[in-house]
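Reproduced below: target.pdb, with PDB, C-alpha atoms and all ligand atoms.
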```pdb
ATOM      1  CA  MET A  22       0.000   0.000   0.000  1.00  0.00           C
ATOM      2  CA  VAL A  23       1.142   3.535  -0.737  1.00  0.00           C
ATOM      3  CA  PHE A  24       0.539   6.479   1.542  1.00  0.00           C
ATOM      4  CA  ARG A  25       1.753   9.925   2.483  1.00  0.00           C
ATOM      5  CA  THR A  26       2.657  10.624   6.086  1.00  0.00           C
ATOM      6  CA  LYS A  27       1.607  13.754   7.915  1.00  0.00           C
ATOM      7  CA  SER A  28       5.083  15.151   7.311  1.00  0.00           C
ATOM      8  CA  GLY A  29       4.630  14.585   3.551  1.00  0.00           C
ATOM      9  CA  GLN A  30       6.860  11.567   3.034  1.00  0.00           C
ATOM     10  CA  VAL A  31       5.491   9.180   0.405  1.00  0.00           C
ATOM     11  CA  THR A  32       6.158   5.589   1.297  1.00  0.00           C
ATOM     12  CA  ALA A  33       5.003   2.135   0.290  1.00  0.00           C
ATOM     13  CA  LEU A  34       4.645  -0.903   2.499  1.00  0.00           C
ATOM     14  CA  GLU A  35       3.691  -4.467   1.867  1.00  0.00           C
ATOM     15  CA  ASP A  36      -0.076  -4.757   2.323  1.00  0.00           C
ATOM     16  CA  CYS A  37       0.190  -7.449   4.944  1.00  0.00           C
ATOM     17  CA  CYS A  38       0.240  -7.104   8.723  1.00  0.00           C
ATOM     18  CA  ALA A  39       3.098  -9.074  10.287  1.00  0.00           C
ATOM     19  CA  HIS A  40       0.784 -10.205  13.058  1.00  0.00           C
ATOM     20  CA  ARG A  41      -1.868 -12.166  11.196  1.00  0.00           C
ATOM     21  CA  TYR A  42      -1.245 -11.310   7.552  1.00  0.00           C
ATOM     22  CA  THR A  43      -4.334  -9.161   7.266  1.00  0.00           C
ATOM     23  CA  PRO A  44      -4.414  -6.233   4.803  1.00  0.00           C
ATOM     24  CA  LEU A  45      -2.753  -3.130   6.210  1.00  0.00           C
ATOM     25  CA  SER A  46      -4.619  -1.075   3.638  1.00  0.00           C
ATOM     26  CA  LYS A  47      -7.549  -1.206   6.077  1.00  0.00           C
ATOM     27  CA  GLY A  48      -5.425   0.678   8.608  1.00  0.00           C
ATOM     28  CA  THR A  49      -4.957   4.373   9.246  1.00  0.00           C
ATOM     29  CA  ILE A  50      -2.054   6.809   9.306  1.00  0.00           C
ATOM     30  CA  CYS A  51      -1.410   7.896  12.877  1.00  0.00           C
ATOM     31  CA  GLN A  52       1.470  10.248  13.789  1.00  0.00           C
ATOM     32  CA  ASP A  53       3.455   9.263  10.647  1.00  0.00           C
ATOM     33  CA  GLN A  54       2.972   5.604  11.460  1.00  0.00           C
ATOM     34  CA  LEU A  55       0.663   3.167   9.760  1.00  0.00           C
ATOM     35  CA  GLU A  56      -1.626   1.628  12.361  1.00  0.00           C
ATOM     36  CA  TYR A  57      -3.648  -1.476  11.814  1.00  0.00           C
ATOM     37  CA  SER A  58      -6.964  -1.224  13.606  1.00  0.00           C
ATOM     38  CA  TYR A  59      -7.368  -4.829  14.725  1.00  0.00           C
ATOM     39  CA  GLN A  60      -4.775  -4.985  17.481  1.00  0.00           C
ATOM     40  CA  ARG A  61      -3.169  -1.636  16.744  1.00  0.00           C
ATOM     41  CA  TRP A  62       0.290  -2.679  15.675  1.00  0.00           C
ATOM     42  CA  GLN A  63       2.071   0.323  14.205  1.00  0.00           C
ATOM     43  CA  TYR A  64       4.620   0.400  11.394  1.00  0.00           C
ATOM     44  CA  GLY A  65       7.225   2.990  10.543  1.00  0.00           C
ATOM     45  CA  THR A  66       7.905   4.051   6.994  1.00  0.00           C
ATOM     46  CA  ASP A  67      10.781   1.548   6.929  1.00  0.00           C
ATOM     47  CA  GLY A  68       8.334  -1.305   7.546  1.00  0.00           C
ATOM     48  CA  ARG A  69       9.542  -1.964  11.067  1.00  0.00           C
ATOM     49  CA  VAL A  70       6.933  -2.606  13.756  1.00  0.00           C
ATOM     50  CA  SER A  71       7.204   0.425  16.010  1.00  0.00           C
ATOM     51  CA  SER A  72       4.445  -0.273  18.514  1.00  0.00           C
ATOM     52  CA  VAL A  73       2.507  -3.274  19.746  1.00  0.00           C
ATOM     53  CA  SER A  74      -0.395  -2.187  21.914  1.00  0.00           C
ATOM     54  CA  THR A  75      -0.549  -5.412  23.904  1.00  0.00           C
ATOM     55  CA  LEU A  76       3.160  -5.531  24.694  1.00  0.00           C
ATOM     56  CA  PRO A  77       4.196  -4.420  28.204  1.00  0.00           C
ATOM     57  CA  ALA A  78       6.094  -1.118  28.182  1.00  0.00           C
ATOM     58  CA  ASN A  79       9.357  -2.728  29.324  1.00  0.00           C
ATOM     59  CA  CYS A  80       9.433  -5.227  26.428  1.00  0.00           C
ATOM     60  CA  ALA A  81      11.495  -4.308  23.387  1.00  0.00           C
ATOM     61  CA  ILE A  82      10.139  -4.978  19.902  1.00  0.00           C
ATOM     62  CA  PRO A  83      12.541  -7.214  17.963  1.00  0.00           C
ATOM     63  CA  GLU A  84      14.453  -5.362  15.211  1.00  0.00           C
ATOM     64  CA  ASN A  85      13.516  -7.976  12.633  1.00  0.00           C
ATOM     65  CA  LEU A  86       9.779  -7.676  13.219  1.00  0.00           C
ATOM     66  CA  ARG A  87       8.986  -5.887   9.987  1.00  0.00           C
ATOM     67  CA  ILE A  88       7.313  -6.035   6.616  1.00  0.00           C
ATOM     68  CA  LYS A  89       8.732  -5.107   3.221  1.00  0.00           C
ATOM     69  CA  SER A  90       9.038  -1.422   2.479  1.00  0.00           C
ATOM     70  CA  PHE A  91       9.506   0.245  -0.877  1.00  0.00           C
ATOM     71  CA  GLN A  92      10.508   3.654  -2.070  1.00  0.00           C
ATOM     72  CA  GLY A  93       7.510   5.859  -2.677  1.00  0.00           C
ATOM     73  CA  LEU A  94       7.301   8.839  -4.969  1.00  0.00           C
ATOM     74  CA  GLU A  95       4.745  11.408  -5.973  1.00  0.00           C
ATOM     75  CA  GLN A  96       4.067  12.573  -9.492  1.00  0.00           C
ATOM     76  CA  ASP A  97       1.197  14.768 -10.702  1.00  0.00           C
ATOM     77  CA  ASP A  98      -0.482  14.515  -7.273  1.00  0.00           C
ATOM     78  CA  VAL A  99      -0.450  10.717  -7.394  1.00  0.00           C
ATOM     79  CA  CYS A 100       1.512   8.644  -4.876  1.00  0.00           C
ATOM     80  CA  LEU A 101       3.297   5.685  -6.428  1.00  0.00           C
ATOM     81  CA  LYS A 102       5.438   2.763  -5.368  1.00  0.00           C
ATOM     82  CA  TYR A 103       8.810   2.786  -7.087  1.00  0.00           C
ATOM     83  CA  LEU A 104       9.953  -0.620  -8.309  1.00  0.00           C
ATOM     84  CA  PRO A 105      13.372  -0.424  -9.915  1.00  0.00           C
ATOM     85  CA  GLN A 106      13.799  -2.683 -12.908  1.00  0.00           C
ATOM     86  CA  LYS A 107      16.286  -5.457 -12.593  1.00  0.00           C
ATOM     87  CA  ALA A 108      19.543  -4.787 -14.362  1.00  0.00           C
ATOM     88  CA  HIS A 109      19.798  -6.490 -17.723  1.00  0.00           C
ATOM     89  CA  SER A 110      22.016  -9.494 -17.636  1.00  0.00           C
ATOM     90  CA  THR A 111      23.700 -11.139 -20.532  1.00  0.00           C
ATOM     91  CA  SER A 112      23.740 -14.877 -20.823  1.00  0.00           C
ATOM     92  CA  TYR A 113      26.609 -16.508 -22.716  1.00  0.00           C
ATOM     93  CA  PHE A 114      25.392 -20.060 -22.984  1.00  0.00           C
TER      94      PHE A 114
HETATM   95  S1  LIG L 201      -3.614  -8.559  12.538  1.00  0.00           S
HETATM   96 FE1  LIG L 201      -2.488  -6.737  12.437  1.00  0.00          FE
HETATM   97  S2  LIG L 201      -2.435  -6.100  14.487  1.00  0.00           S
HETATM   98 FE2  LIG L 201      -3.269  -8.093  14.621  1.00  0.00          FE
END
```
Step by step, read the file and then write its structure as C-alpha cells.
Amino acid sequence: MVFRTKSGQVTALEDCCAHRYTPLSKGTICQDQLEYSYQRWQYGTDGRVSSVSTLPANCAIPENLRIKSFQGLEQDDVCLKYLPQKAHSTSYF
C-alpha cells in the first residue's frame, strides 16, 4: 500500500500485517505511522513494527519484526510505489 505521512513523506509498504497477515490497507495513518486497527500494531515508513499495543512497556520490539518497504514517490499529485527494474544481464550459454 502507498501512503503519504503527515510530514509529507510518500512511502510504500507491503499490504500485509506481520501479526496475522491481514491487509494493512484497512489501517490508518497515525502520527506518521501506519496503524492497523485490529490490534493496533504500528509500522514505521521503513516497515519496522514500532508499537505493539498489547506488549508491556518494558518489552522491546525485535528489530527484525517488519514487513517489506519500498521507495515511494509522488508525481502529478499521485503517490506511487517505485519498483526499480532489474539490471539487464547477458547470458553466454
Ligand atoms: S492482525 Fe495486524 S495487528 Fe493483529
CA of Ser58 in chain A to CA of Asp98 in chain A, distance in Å rounded to a single decimal = 26.9 Å
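With distances taken over all atoms listed in the file, A:Ser71 is the one residue among A:Asn85, A:Thr32, A:Gln106, A:Ser71 lying closest to ligand LIG 201 (chain L).
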Which chain A residues have any atom within 6 Å of an atom of ligand LIG 201 (chain L), and for each, what is the nearest pair of atoms with distance in Å to one decimal, counting all atoms listed in the file, rows sorted by chain and number, as JSON lines?
```
{"residue": "A:Cys38", "atom": "CA", "partner": "L:LIG201", "partner_atom": "FE1", "distance": 4.6}
{"residue": "A:His40", "atom": "CA", "partner": "L:LIG201", "partner_atom": "S1", "distance": 4.7}
{"residue": "A:Arg41", "atom": "CA", "partner": "L:LIG201", "partner_atom": "S1", "distance": 4.2}
{"residue": "A:Thr43", "atom": "CA", "partner": "L:LIG201", "partner_atom": "S1", "distance": 5.4}
{"residue": "A:Tyr57", "atom": "CA", "partner": "L:LIG201", "partner_atom": "FE1", "distance": 5.4}
{"residue": "A:Tyr59", "atom": "CA", "partner": "L:LIG201", "partner_atom": "S2", "distance": 5.1}
{"residue": "A:Gln60", "atom": "CA", "partner": "L:LIG201", "partner_atom": "S2", "distance": 4.0}
{"residue": "A:Arg61", "atom": "CA", "partner": "L:LIG201", "partner_atom": "S2", "distance": 5.1}
{"residue": "A:Trp62", "atom": "CA", "partner": "L:LIG201", "partner_atom": "S2", "distance": 4.5}
```
task = Check which residues satisfy the PyMOL selection byres (((chain A and resi 88) around 9) and not hetatm) in the file shown, then give them as a PyMOL selection string.
result = chain A and resi 34-39+64+67-70+85-87+89-90
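We find CA of Leu45 in chain A and CA of Asn79 in chain A to be spaced 26.1 Å apart.
CA of Gln52 in chain A is positioned 19.5 Å from CA of Phe91 in chain A.
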inquiry  = So that I can see what lies close to Lys102 in chain A, please list as a list in words the residues with an atom at most 9 Å from it, counting only C-alpha atoms and leaving out residues fewer than 5 positions away in the same chain.
reply    = Met22, Val23, Val31, Thr32, Ala33, Leu34, Phe91, Gln92, Gly93, Leu94 and Glu95 of chain A
Output of the PyMOL selection byres (((chain A and resi 28) around 12) and not hetatm), listed as an mmCIF file with C-alpha atoms, in the frame of the given file:
```cif
data_model
loop_
_atom_site.group_PDB
_atom_site.id
_atom_site.type_symbol
_atom_site.label_atom_id
_atom_site.label_comp_id
_atom_site.auth_asym_id
_atom_site.auth_seq_id
_atom_site.Cartn_x
_atom_site.Cartn_y
_atom_site.Cartn_z
ATOM 1 C CA PHE A 24 0.539 6.479 1.542
ATOM 2 C CA ARG A 25 1.753 9.925 2.483
ATOM 3 C CA THR A 26 2.657 10.624 6.086
ATOM 4 C CA LYS A 27 1.607 13.754 7.915
ATOM 5 C CA GLY A 29 4.630 14.585 3.551
ATOM 6 C CA GLN A 30 6.860 11.567 3.034
ATOM 7 C CA VAL A 31 5.491 9.180 0.405
ATOM 8 C CA THR A 32 6.158 5.589 1.297
ATOM 9 C CA ILE A 50 -2.054 6.809 9.306
ATOM 10 C CA CYS A 51 -1.410 7.896 12.877
ATOM 11 C CA GLN A 52 1.470 10.248 13.789
ATOM 12 C CA ASP A 53 3.455 9.263 10.647
ATOM 13 C CA GLN A 54 2.972 5.604 11.460
ATOM 14 C CA THR A 66 7.905 4.051 6.994
#
```
Pick from A:Ser72, A:Leu104, A:Val99, A:Pro83, whichever lies nearest to Leu55 in chain A using all atoms listed in the file = A:Ser72
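Using only C-alpha atoms, the shortest contact distance between Glu84 in chain A and any of A:Tyr42, A:Cys100, A:Gly65, A:Glu56 is found at A:Gly65.
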Could you put an axis-aligned box around every listed atom of range 51-61 of chain A, padded by 6 Å on each side, and send me its centre and edge lengths in Å to one decimal, as AutoDock Vina command-line options?
```
--center_x -2.0 --center_y 2.6 --center_z 13.6 --size_x 22.8 --size_y 27.2 --size_z 19.7
```
